[in-house]
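model-v8.cif (mmCIF, C-alpha atoms)
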data_structure
loop_
_atom_site.label_atom_id
_atom_site.label_comp_id
_atom_site.auth_asym_id
_atom_site.auth_seq_id
_atom_site.Cartn_x
_atom_site.Cartn_y
_atom_site.Cartn_z
CA MET A 1 127.42 -262.44 103.54
CA ARG A 2 125.68 -259.59 101.72
CA PHE A 3 122.04 -259.68 100.70
CA MET A 4 119.67 -257.46 98.76
CA HIS A 5 116.04 -257.37 99.87
CA ILE A 6 113.41 -256.21 97.37
CA ALA A 7 109.64 -256.59 97.22
CA ASP A 8 106.55 -255.38 95.36
CA VAL A 9 108.21 -254.83 92.00
CA HIS A 10 104.80 -255.29 90.32
CA LEU A 11 106.12 -256.06 86.85
CA GLY A 12 103.25 -255.78 84.39
CA ALA A 13 101.51 -252.94 86.21
CA ALA A 14 100.53 -249.78 84.29
CA PRO A 15 100.44 -246.96 86.86
CA ASP A 16 98.71 -243.63 86.18
CA HIS A 17 96.43 -245.00 83.48
CA GLY A 18 94.82 -242.20 81.47
CA PHE A 19 97.64 -239.68 81.90
CA LEU A 20 100.00 -238.71 79.08
CA TRP A 21 103.07 -240.13 80.82
CA ALA A 22 101.44 -243.46 81.73
CA LYS A 23 102.95 -245.26 78.72
CA ASP A 24 106.42 -244.83 80.27
CA ARG A 25 105.59 -246.07 83.76
CA GLY A 26 105.23 -249.75 82.97
CA ARG A 27 108.63 -249.79 81.26
CA GLU A 28 110.16 -247.99 84.23
CA LEU A 29 109.18 -250.87 86.54
CA TRP A 30 111.18 -253.23 84.37
CA GLU A 31 114.10 -250.83 84.14
CA SER A 32 114.28 -250.41 87.92
CA PHE A 33 114.29 -254.19 88.31
CA ARG A 34 117.08 -254.46 85.72
CA ARG A 35 119.09 -251.84 87.63
CA CYS A 36 118.70 -253.92 90.81
CA ILE A 37 120.18 -256.94 89.05
CA ALA A 38 123.06 -254.81 87.78
CA ASP A 39 123.58 -253.41 91.28
CA ALA A 40 123.67 -256.94 92.70
CA ASN A 41 126.60 -257.73 90.44
CA GLU A 42 128.38 -254.45 91.11
CA LYS A 43 127.94 -254.72 94.89
CA LYS A 44 128.88 -258.43 94.91
CA ILE A 45 125.60 -259.49 96.50
CA ASP A 46 125.47 -263.11 97.68
CA LEU A 47 121.72 -263.39 98.12
CA LEU A 48 118.77 -261.64 96.43
CA LEU A 49 115.58 -261.89 98.50
CA ILE A 50 112.25 -261.13 96.78
CA ALA A 51 109.45 -260.86 99.35
CA GLY A 52 106.42 -261.29 97.07
CA ASP A 53 104.60 -259.47 94.27
CA LEU A 54 107.42 -259.60 91.77
CA PHE A 55 104.56 -259.41 89.28
CA HIS A 56 101.43 -257.29 89.43
CA ARG A 57 99.27 -260.22 88.30
CA GLN A 58 99.67 -263.74 86.99
CA PRO A 59 102.89 -263.56 84.94
CA GLU A 60 102.91 -264.43 81.26
CA LEU A 61 105.43 -266.91 79.91
CA GLN A 62 107.41 -264.24 78.07
CA GLU A 63 107.63 -262.15 81.23
CA LEU A 64 109.03 -265.13 83.12
CA LYS A 65 111.61 -265.60 80.38
CA GLU A 66 112.66 -261.95 80.65
CA VAL A 67 113.03 -262.18 84.43
CA ASN A 68 114.87 -265.49 84.20
CA TYR A 69 117.32 -264.03 81.70
CA LEU A 70 118.08 -261.17 84.11
CA PHE A 71 118.61 -263.71 86.90
CA SER A 72 121.02 -265.58 84.60
CA THR A 73 123.24 -262.48 84.38
CA LEU A 74 123.92 -262.62 88.13
CA GLU A 75 127.55 -263.61 88.54
CA ARG A 76 127.47 -264.91 92.13
CA THR A 77 124.02 -264.19 93.51
CA ILE A 78 121.49 -266.79 94.63
CA VAL A 79 117.86 -265.68 94.23
CA VAL A 80 115.16 -266.75 96.69
CA LEU A 81 111.58 -265.62 96.11
CA ILE A 82 108.01 -266.11 97.24
CA ALA A 83 104.72 -265.22 95.54
CA GLY A 84 102.53 -262.55 97.13
CA ASN A 85 98.86 -261.68 96.94
CA HIS A 86 99.12 -260.11 93.46
CA ASP A 87 101.13 -262.87 91.78
CA TYR A 88 99.64 -265.68 93.87
CA LEU A 89 99.95 -269.21 92.55
CA LYS A 90 96.89 -270.34 90.66
CA PRO A 91 96.79 -274.05 89.74
CA SER A 92 97.37 -273.07 86.10
CA SER A 93 100.09 -270.51 86.85
CA PRO A 94 103.18 -270.80 84.61
CA TYR A 95 105.13 -269.77 87.71
CA THR A 96 105.17 -273.29 89.11
CA SER A 97 106.23 -275.22 86.01
CA PHE A 98 108.71 -272.71 84.65
CA PRO A 99 112.31 -274.00 84.25
CA TRP A 100 114.20 -271.50 86.38
CA ASN A 101 117.95 -270.98 86.28
CA GLU A 102 119.94 -273.04 88.75
CA ASN A 103 120.64 -269.92 90.88
CA VAL A 104 116.90 -269.37 91.51
CA ILE A 105 115.06 -270.94 94.46
CA CYS A 106 111.28 -270.55 94.66
CA LEU A 107 109.51 -271.16 97.98
CA PHE A 108 106.18 -271.82 96.32
CA SER A 109 104.56 -274.12 98.85
CA PRO A 110 101.49 -272.87 100.81
CA GLU A 111 103.22 -274.29 103.90
CA CYS A 112 106.41 -272.83 105.32
CA GLU A 113 109.51 -274.46 103.89
CA ARG A 114 113.23 -273.95 104.43
CA VAL A 115 116.20 -273.80 102.10
CA ARG A 116 119.72 -274.21 103.50
CA LEU A 117 122.71 -272.55 101.84
CA PRO A 118 125.81 -274.04 103.48
CA GLU A 119 128.18 -271.91 101.39
CA LEU A 120 126.59 -268.80 102.96
CA ARG A 121 125.89 -270.33 106.38
CA THR A 122 122.33 -269.13 105.85
CA GLU A 123 118.82 -270.57 105.97
CA ILE A 124 115.79 -268.96 104.33
CA TYR A 125 112.22 -269.74 105.39
CA GLY A 126 109.02 -268.80 103.60
CA PHE A 127 105.82 -269.77 101.81
CA SER A 128 103.71 -268.35 99.00
CA TYR A 129 100.16 -267.15 98.51
CA HIS A 130 97.84 -269.58 96.74
CA ARG A 131 94.89 -267.20 96.93
CA GLN A 132 94.57 -263.42 96.86
CA GLU A 133 93.46 -263.00 100.46
CA ILE A 134 94.74 -264.82 103.53
CA LYS A 135 93.12 -263.56 106.71
CA GLU A 136 94.73 -266.10 109.03
CA PRO A 137 97.84 -264.97 110.98
CA LEU A 138 100.01 -267.70 109.47
CA TYR A 139 103.29 -266.28 110.76
CA GLU A 140 102.23 -266.64 114.40
CA GLY A 141 104.03 -269.51 116.03
CA LEU A 142 106.52 -269.82 113.17
CA THR A 143 110.02 -270.34 114.55
CA ALA A 144 113.49 -270.93 113.18
CA GLU A 145 115.52 -274.01 113.99
CA LYS A 146 118.20 -273.40 116.60
CA ASN A 147 121.61 -273.67 114.94
CA ASP A 148 124.58 -271.48 114.04
CA TYR A 149 123.21 -270.47 110.61
CA PHE A 150 121.98 -266.94 109.86
CA LYS A 151 118.22 -267.37 109.57
CA ILE A 152 115.99 -265.28 107.30
CA LEU A 153 112.20 -265.29 106.96
CA LEU A 154 110.62 -264.11 103.71
CA ALA A 155 107.16 -262.77 104.61
CA HIS A 156 104.42 -260.95 102.73
CA GLY A 157 101.44 -259.25 104.35
CA GLY A 158 100.63 -257.20 107.40
CA ASP A 159 96.98 -256.12 107.11
CA ALA A 160 93.64 -257.71 107.94
CA GLU A 161 93.16 -259.32 104.51
CA HIS A 162 96.77 -260.33 103.91
CA ILE A 163 98.22 -262.35 106.79
CA PRO A 164 97.95 -260.14 109.90
CA MET A 165 101.24 -259.89 111.76
CA ASN A 166 102.28 -259.68 115.40
CA LYS A 167 105.51 -257.95 116.39
CA ASP A 168 105.83 -259.84 119.66
CA GLY A 169 105.64 -263.14 117.82
CA PHE A 170 108.41 -262.12 115.45
CA LEU A 171 110.62 -261.05 118.34
CA GLU A 172 110.43 -264.55 119.80
CA SER A 173 110.66 -266.43 116.48
CA GLY A 174 114.42 -266.94 116.40
CA PHE A 175 114.94 -265.36 112.99
CA ASP A 176 117.92 -263.07 112.50
CA TYR A 177 116.27 -261.02 109.75
CA ILE A 178 112.69 -260.84 108.45
CA ALA A 179 112.38 -259.57 104.87
CA LEU A 180 108.89 -258.11 104.52
CA GLY A 181 106.78 -257.32 101.48
CA HIS A 182 103.27 -255.96 100.74
CA ILE A 183 103.54 -252.44 102.23
CA HIS A 184 104.84 -250.17 99.47
CA LYS A 185 106.50 -247.56 101.65
CA PRO A 186 109.94 -248.64 102.89
CA GLN A 187 109.90 -248.74 106.68
CA VAL A 188 111.27 -250.38 109.79
CA TYR A 189 108.79 -252.85 111.28
CA ILE A 190 111.04 -254.06 114.11
CA ARG A 191 114.35 -252.30 114.65
CA ASN A 192 117.36 -254.37 113.51
CA LEU A 193 115.10 -257.34 112.74
CA ALA A 194 112.19 -256.78 110.33
CA MET A 195 111.88 -254.28 107.48
CA TYR A 196 109.54 -253.56 104.60
CA ALA A 197 111.66 -252.92 101.51
CA GLY A 198 108.76 -251.08 99.89
CA ALA A 199 108.06 -251.00 96.16
CA LEU A 200 110.98 -250.41 93.80
CA GLU A 201 108.90 -247.80 91.98
CA PRO A 202 105.80 -246.04 93.33
CA ILE A 203 102.70 -247.78 91.99
CA ASP A 204 99.89 -245.43 93.02
CA CYS A 205 99.52 -241.89 94.32
CA ASN A 206 99.58 -243.04 97.95
CA ASP A 207 103.13 -244.43 97.54
CA LEU A 208 104.76 -241.17 98.61
CA GLY A 209 108.48 -240.59 99.07
CA PRO A 210 111.59 -242.43 97.83
CA HIS A 211 111.60 -246.12 96.86
CA GLY A 212 114.33 -248.70 96.40
CA TYR A 213 115.81 -251.73 98.12
CA ILE A 214 117.59 -252.81 101.30
CA ILE A 215 121.18 -253.99 101.54
CA GLY A 216 122.14 -256.19 104.48
CA GLU A 217 125.68 -257.01 105.55
CA VAL A 218 125.96 -259.97 107.92
CA HIS A 219 128.92 -260.45 110.23
CA ARG A 220 128.84 -262.99 113.07
CA LYS A 221 125.06 -263.22 112.84
CA LYS A 222 124.69 -259.45 113.25
CA VAL A 223 123.21 -257.54 110.33
CA LYS A 224 123.84 -253.95 109.24
CA LEU A 225 121.02 -252.59 107.10
CA SER A 226 120.95 -249.69 104.65
CA PHE A 227 118.40 -248.35 102.16
CA VAL A 228 119.32 -247.64 98.53
CA GLU A 229 117.03 -245.41 96.47
CA VAL A 230 116.49 -246.63 92.93
CA CYS A 231 113.18 -245.21 91.70
CA SER A 232 112.95 -243.04 88.60
CA ARG A 233 110.33 -240.72 90.05
CA GLU A 234 108.16 -240.17 93.13
CA TYR A 235 104.62 -239.21 94.00
CA ARG A 236 104.68 -235.92 95.88
CA GLN A 237 102.16 -233.64 97.54
CA ILE A 238 102.63 -229.88 97.40
CA GLU A 239 100.69 -226.90 98.73
CA VAL A 240 100.55 -223.63 96.81
CA GLU A 241 99.36 -220.54 98.67
CA VAL A 242 96.98 -218.22 96.84
CA THR A 243 96.63 -214.57 97.90
CA GLU A 244 94.14 -211.79 97.18
CA GLY A 245 96.44 -210.36 94.51
CA ASP A 246 96.80 -213.58 92.53
CA THR A 247 95.50 -214.18 89.02
CA VAL A 248 95.03 -217.35 87.00
CA TYR A 249 98.49 -217.01 85.48
CA SER A 250 100.30 -215.97 88.63
CA VAL A 251 98.98 -219.11 90.36
CA ARG A 252 100.01 -221.17 87.35
CA GLU A 253 103.55 -219.80 87.63
CA LYS A 254 103.66 -220.59 91.35
CA ILE A 255 102.74 -224.21 90.62
CA ALA A 256 105.19 -224.46 87.71
CA ALA A 257 108.01 -222.94 89.77
CA MET A 258 107.46 -225.38 92.65
CA ILE A 259 107.48 -228.33 90.25
CA ARG A 260 110.66 -227.06 88.58
CA ASP A 261 112.28 -226.75 92.00
CA GLN A 262 111.28 -230.23 93.22
CA GLY A 263 111.76 -232.02 89.90
CA ALA A 264 109.67 -232.23 86.74
CA GLN A 265 110.10 -236.03 86.68
CA HIS A 266 107.88 -236.53 89.72
CA MET A 267 104.09 -236.89 89.85
CA TYR A 268 102.20 -234.35 91.94
CA ARG A 269 99.01 -233.88 93.90
CA VAL A 270 98.52 -230.14 94.34
CA ALA A 271 96.49 -228.39 97.03
CA LEU A 272 95.66 -224.71 96.61
CA THR A 273 95.40 -222.96 99.98
CA GLY A 274 95.08 -219.41 101.30
CA GLN A 275 92.65 -216.53 100.84
CA ARG A 276 91.82 -215.41 97.30
CA HIS A 277 89.93 -212.38 96.03
CA PRO A 278 86.22 -213.20 96.22
CA ARG A 279 85.78 -212.70 92.46
CA PHE A 280 88.79 -214.85 91.55
CA ARG A 281 88.33 -218.51 90.70
CA PRO A 282 91.33 -220.84 90.22
CA ASP A 283 91.47 -222.42 86.74
CA ILE A 284 92.16 -226.08 87.48
CA ARG A 285 92.31 -227.13 83.81
CA GLU A 286 94.96 -224.50 83.10
CA TYR A 287 97.08 -225.57 86.07
CA MET A 288 97.03 -229.24 85.03
CA LYS A 289 99.30 -228.23 82.14
CA CYS A 290 102.17 -227.40 84.51
CA GLY A 291 103.61 -230.92 84.74
CA ARG A 292 102.86 -234.48 85.79
CA ILE A 293 99.89 -233.49 87.92
CA LEU A 294 97.44 -236.17 89.06
CA GLU A 295 94.94 -233.87 90.75
CA ILE A 296 94.50 -230.33 92.03
CA THR A 297 92.36 -229.62 95.10
CA ASP A 298 91.08 -226.10 95.67
CA ARG A 299 91.05 -225.35 99.41
CA THR A 300 91.12 -221.57 99.03
CA VAL A 301 88.51 -219.34 100.66
CA PRO A 302 87.39 -215.83 99.66
CA ALA A 303 89.07 -213.01 101.59
CA PHE A 304 86.15 -211.03 103.02
CA HIS A 305 87.07 -208.04 105.22
CA LEU A 306 84.08 -208.11 107.53
CA GLU A 307 84.50 -204.79 109.28
CA GLU A 308 84.87 -202.93 106.00
CA LEU A 309 81.79 -204.66 104.59
CA ARG A 310 79.87 -204.04 107.84
CA GLN A 311 80.55 -200.30 107.62
CA GLN A 312 79.94 -200.09 103.89
CA TYR A 313 76.58 -201.87 104.02
CA ARG A 314 75.35 -200.76 107.48
CA GLY A 315 71.56 -200.80 107.62
CA GLN A 316 71.33 -202.78 104.39
CA LEU A 317 70.74 -206.49 103.82
CA ILE A 318 74.45 -207.33 103.63
CA GLY A 319 75.29 -205.38 106.77
CA ASN A 320 72.40 -206.97 108.67
CA TYR A 321 73.52 -210.42 107.49
CA ILE A 322 77.02 -209.84 108.87
CA ASP A 323 75.58 -208.49 112.14
CA SER A 324 73.51 -211.65 112.54
CA PHE A 325 76.77 -213.50 113.27
CA GLY A 326 77.60 -211.22 116.20
CA LYS A 327 81.31 -210.56 116.57
CA GLY A 328 82.04 -213.26 114.03
CA PRO A 329 81.20 -216.83 113.03
CA GLN A 330 81.51 -219.47 115.74
CA GLY A 331 82.89 -222.70 114.33
CA LEU A 332 83.34 -224.12 110.87
CA VAL A 333 79.64 -224.40 110.02
CA GLU A 334 78.92 -220.72 110.73
CA GLU A 335 82.10 -219.70 108.93
CA LYS A 336 80.96 -221.52 105.79
CA ALA A 337 77.43 -220.10 106.10
CA LEU A 338 78.79 -216.54 106.33
CA ARG A 339 81.14 -217.06 103.40
CA TYR A 340 78.57 -218.68 101.11
CA GLY A 341 75.97 -216.09 102.02
CA LEU A 342 78.27 -213.15 101.28
CA GLU A 343 79.31 -214.67 97.97
CA ALA A 344 75.66 -214.97 96.97
CA LEU A 345 74.72 -211.47 98.13
CA LEU A 346 77.75 -209.67 96.73
CA TYR A 347 78.33 -211.54 93.50
CA SER A 348 74.95 -212.92 92.47
CA ASP A 349 75.51 -211.36 89.02
CA ARG A 350 78.19 -213.92 88.13
#
What do you get writing this file as structure tokens?
Amino acid sequence: MRFMHIADVHLGAAPDHGFLWAKDRGRELWESFRRCIADANEKKIDLLLIAGDLFHRQPELQELKEVNYLFSTLERTIVVLIAGNHDYLKPSSPYTSFPWNENVICLFSPECERVRLPELRTEIYGFSYHRQEIKEPLYEGLTAEKNDYFKILLAHGGDAEHIPMNKDGFLESGFDYIALGHIHKPQVYIRNLAMYAGALEPIDCNDLGPHGYIIGEVHRKKVKLSFVEVCSREYRQIEVEVTEGDTVYSVREKIAAMIRDQGAQHMYRVALTGQRHPRFRPDIREYMKCGRILEITDRTVPAFHLEELRQQYRGQLIGNYIDSFGKGPQGLVEEKALRYGLEALLYSDR
């Protein structure tokens, strides 16, 4: 049996609102989901597991029709899904009354339920959110029935406001695989047992690194897991070092070159570091033109050569100010005081 585990697709989200490229991001979420469906056919997947937050909010009827059509193109795959904290089941949600294709199974009860698939010798357990926050550890004490089926738990949560989880409890639960959702970064929760698939596409700037889905191959109740990257772009953090010889345009070229090297399709948070000439000020607005940049943080400090300044201004106010710090500033507070004071004394004409 082969399964595909996805989560946190967040269809309907509009990441990076306010940026020029934002209009493309919402469509990319749908396209990544469509590619997953195509991959399921190509890879002959038996079971598609969706561990919550297929939608970013309450789905509209037309969105459900679009998703259902994609499910209908699956040639052999059974779909099993739960609702998460974003697409939780309101009493008026069209989720519950929608006429799904016969290959789609929704575990929409607030209580844990089980579906048995004899043709796959597999059982899937799970329940859905009926409110945005669930602070109770509802997975504690949940166990699988003892039989010769391969047993899967669909679970969504893992923080204080969204069903806190306990690793020890999962280890003793009797499940053969636990398909987790809610955390957007793909990661192993319990080796060879529980994994977060992560979001298909990064949703916000904290969703760093690659994103995609998990493929599981089951043989004699043992599962082999692999991660498949599918995202169109990533959020990345880069540091650009500024030196005393840099100018506005040389720093711009450094940023542009690093983005060209890592990929212009990605979104970046840029940190400027290093020691700049005291009279030089980075031009943040100019650097924002270099690519898909979300923010630029200036962490540079002026490059003061204390001994040269001490000799040059000996007996004067500046020299006395430097001498007041002894051999040099002690700690971060004194370092900042010395730097700010020298900037004011030397360049008060700015």
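Minimum atom-to-atom distances from A:Arg292, A:Arg2, A:Lys65, A:His10 to A:Leu47 were compared using only C-alpha atoms, and the lowest value belongs to A:Arg2.
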The distance between atom CA of A:Glu60 and atom CA of A:Phe3 is 27.7 Å
What's the 10 Å shell around stretch 245-251 of chain A, counting only C-alpha atoms, without same-chain residues fewer than 6 positions away, as an NGL selection string? :A and (257 or 272 or 275-277 or 280-284 or 286-287)
Contact check, stretch 38-74 of chain A to stretch 125-130 of chain A, at most 12 Å, counting all atoms listed in the file, closest pairs as a tab-separated table:
residue	atom	partner	partner_atom	distance
A:Leu49	CA	A:Gly126	CA	10.8
A:Ile50	CA	A:Gly126	CA	10.8
A:Ala51	CA	A:Gly126	CA	9.0
A:Gly52	CA	A:Ser128	CA	7.8
A:Asp53	CA	A:Tyr129	CA	9.8
A:Leu54	CA	A:Ser128	CA	11.9
A:Gln58	CA	A:His130	CA	11.5
- Message: On this structure, the PyMOL selection byres ((chain A and resi 56) around 7) would catch which residues? List them as a ChimeraX atom specification, sorted by chain and number.
- Response: /A:10-13,53-55,57,86-87
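Atom CA of A:Cys290 is positioned 9.2 Å from atom CA of A:Ala264.
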Write out as a compact mmCIF listing (two decimals) with C-alpha atoms, in the coordinates of the input the residues lying within 8 Å of stretch 187-191 of chain A, counting all atoms listed in the file and excluding same-chain residues fewer than 6 positions away.
# COMPACT_ATOMS: atom_id res chain seq x y z
CA LYS A 167 105.51 -257.95 116.39
CA ALA A 197 111.66 -252.92 101.51
CA GLY A 198 108.76 -251.08 99.89
Atom CA of A:Ser92 to atom CA of A:Glu133 measures 18.0 Å
I need the residue set behind the PyMOL selection byres ((chain A and resi 298) around 7) for this file; please write it as a JSON list (two decimals) with C-alpha atoms, in the coordinates of the input.
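Output saved as expr-v8.json:
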[["chain", "number", "residue", "atom", "x", "y", "z"],
["A", 271, "ALA", "CA", 96.49, -228.39, 97.03],
["A", 272, "LEU", "CA", 95.66, -224.71, 96.61],
["A", 273, "THR", "CA", 95.40, -222.96, 99.98],
["A", 296, "ILE", "CA", 94.50, -230.33, 92.03],
["A", 297, "THR", "CA", 92.36, -229.62, 95.10],
["A", 299, "ARG", "CA", 91.05, -225.35, 99.41],
["A", 300, "THR", "CA", 91.12, -221.57, 99.03]]
Worksheet item: Of the candidates A:Glu136, A:Pro91, A:Val79, A:Ala38, which one gets nearest to A:Val115 if we count all atoms listed in the file?
Response: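 Ranking A:Glu136, A:Pro91, A:Val79, A:Ala38 by distance to A:Val115, first place goes to A:Val79.
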Determine the residue set returned by the PyMOL selection byres ((chain A and resi 141-149) around 12) for the present structure, and present it as a PDB file with C-alpha atoms, in the coordinates of the input.
ATOM      1  CA  MET A   1     127.420-262.440 103.540  1.00  0.00           C
ATOM      2  CA  GLU A 111     103.220-274.290 103.900  1.00  0.00           C
ATOM      3  CA  CYS A 112     106.410-272.830 105.320  1.00  0.00           C
ATOM      4  CA  GLU A 113     109.510-274.460 103.890  1.00  0.00           C
ATOM      5  CA  ARG A 114     113.230-273.950 104.430  1.00  0.00           C
ATOM      6  CA  VAL A 115     116.200-273.800 102.100  1.00  0.00           C
ATOM      7  CA  ARG A 116     119.720-274.210 103.500  1.00  0.00           C
ATOM      8  CA  LEU A 117     122.710-272.550 101.840  1.00  0.00           C
ATOM      9  CA  PRO A 118     125.810-274.040 103.480  1.00  0.00           C
ATOM     10  CA  GLU A 119     128.180-271.910 101.390  1.00  0.00           C
ATOM     11  CA  LEU A 120     126.590-268.800 102.960  1.00  0.00           C
ATOM     12  CA  ARG A 121     125.890-270.330 106.380  1.00  0.00           C
ATOM     13  CA  THR A 122     122.330-269.130 105.850  1.00  0.00           C
ATOM     14  CA  GLU A 123     118.820-270.570 105.970  1.00  0.00           C
ATOM     15  CA  ILE A 124     115.790-268.960 104.330  1.00  0.00           C
ATOM     16  CA  TYR A 125     112.220-269.740 105.390  1.00  0.00           C
ATOM     17  CA  GLY A 126     109.020-268.800 103.600  1.00  0.00           C
ATOM     18  CA  PHE A 127     105.820-269.770 101.810  1.00  0.00           C
ATOM     19  CA  PRO A 137      97.840-264.970 110.980  1.00  0.00           C
ATOM     20  CA  LEU A 138     100.010-267.700 109.470  1.00  0.00           C
ATOM     21  CA  TYR A 139     103.290-266.280 110.760  1.00  0.00           C
ATOM     22  CA  GLU A 140     102.230-266.640 114.400  1.00  0.00           C
ATOM     23  CA  PHE A 150     121.980-266.940 109.860  1.00  0.00           C
ATOM     24  CA  LYS A 151     118.220-267.370 109.570  1.00  0.00           C
ATOM     25  CA  ILE A 152     115.990-265.280 107.300  1.00  0.00           C
ATOM     26  CA  LEU A 153     112.200-265.290 106.960  1.00  0.00           C
ATOM     27  CA  LEU A 154     110.620-264.110 103.710  1.00  0.00           C
ATOM     28  CA  ALA A 155     107.160-262.770 104.610  1.00  0.00           C
ATOM     29  CA  MET A 165     101.240-259.890 111.760  1.00  0.00           C
ATOM     30  CA  ASN A 166     102.280-259.680 115.400  1.00  0.00           C
ATOM     31  CA  LYS A 167     105.510-257.950 116.390  1.00  0.00           C
ATOM     32  CA  ASP A 168     105.830-259.840 119.660  1.00  0.00           C
ATOM     33  CA  GLY A 169     105.640-263.140 117.820  1.00  0.00           C
ATOM     34  CA  PHE A 170     108.410-262.120 115.450  1.00  0.00           C
ATOM     35  CA  LEU A 171     110.620-261.050 118.340  1.00  0.00           C
ATOM     36  CA  GLU A 172     110.430-264.550 119.800  1.00  0.00           C
ATOM     37  CA  SER A 173     110.660-266.430 116.480  1.00  0.00           C
ATOM     38  CA  GLY A 174     114.420-266.940 116.400  1.00  0.00           C
ATOM     39  CA  PHE A 175     114.940-265.360 112.990  1.00  0.00           C
ATOM     40  CA  ASP A 176     117.920-263.070 112.500  1.00  0.00           C
ATOM     41  CA  TYR A 177     116.270-261.020 109.750  1.00  0.00           C
ATOM     42  CA  ILE A 178     112.690-260.840 108.450  1.00  0.00           C
ATOM     43  CA  VAL A 218     125.960-259.970 107.920  1.00  0.00           C
ATOM     44  CA  HIS A 219     128.920-260.450 110.230  1.00  0.00           C
ATOM     45  CA  ARG A 220     128.840-262.990 113.070  1.00  0.00           C
ATOM     46  CA  LYS A 221     125.060-263.220 112.840  1.00  0.00           C
ATOM     47  CA  LYS A 222     124.690-259.450 113.250  1.00  0.00           C
TER      48      LYS A 222
END
Margin query: List the spatial neighbours of A:Glu234 as a PyMOL selection string - criterion: any atom at most 10 Å away, all atoms listed in the file, same-chain residues fewer than 2 positions off excluded.
Written below: chain A and resi 201-205+207-211+231-232+236-237+263+265-268
If you count only C-alpha atoms, the residue of A:Gly291, A:Gly315, A:Gly181, A:Pro278 closest to A:Leu342 turns out to be A:Pro278
#### Entry: Which residue of A:Ala179, A:Leu61, A:Ile37, A:Leu20 approaches A:Glu75 most closely, using all atoms listed in the file
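Comparing A:Ala179, A:Leu61, A:Ile37, A:Leu20 against A:Glu75, the winner is A:Ile37.
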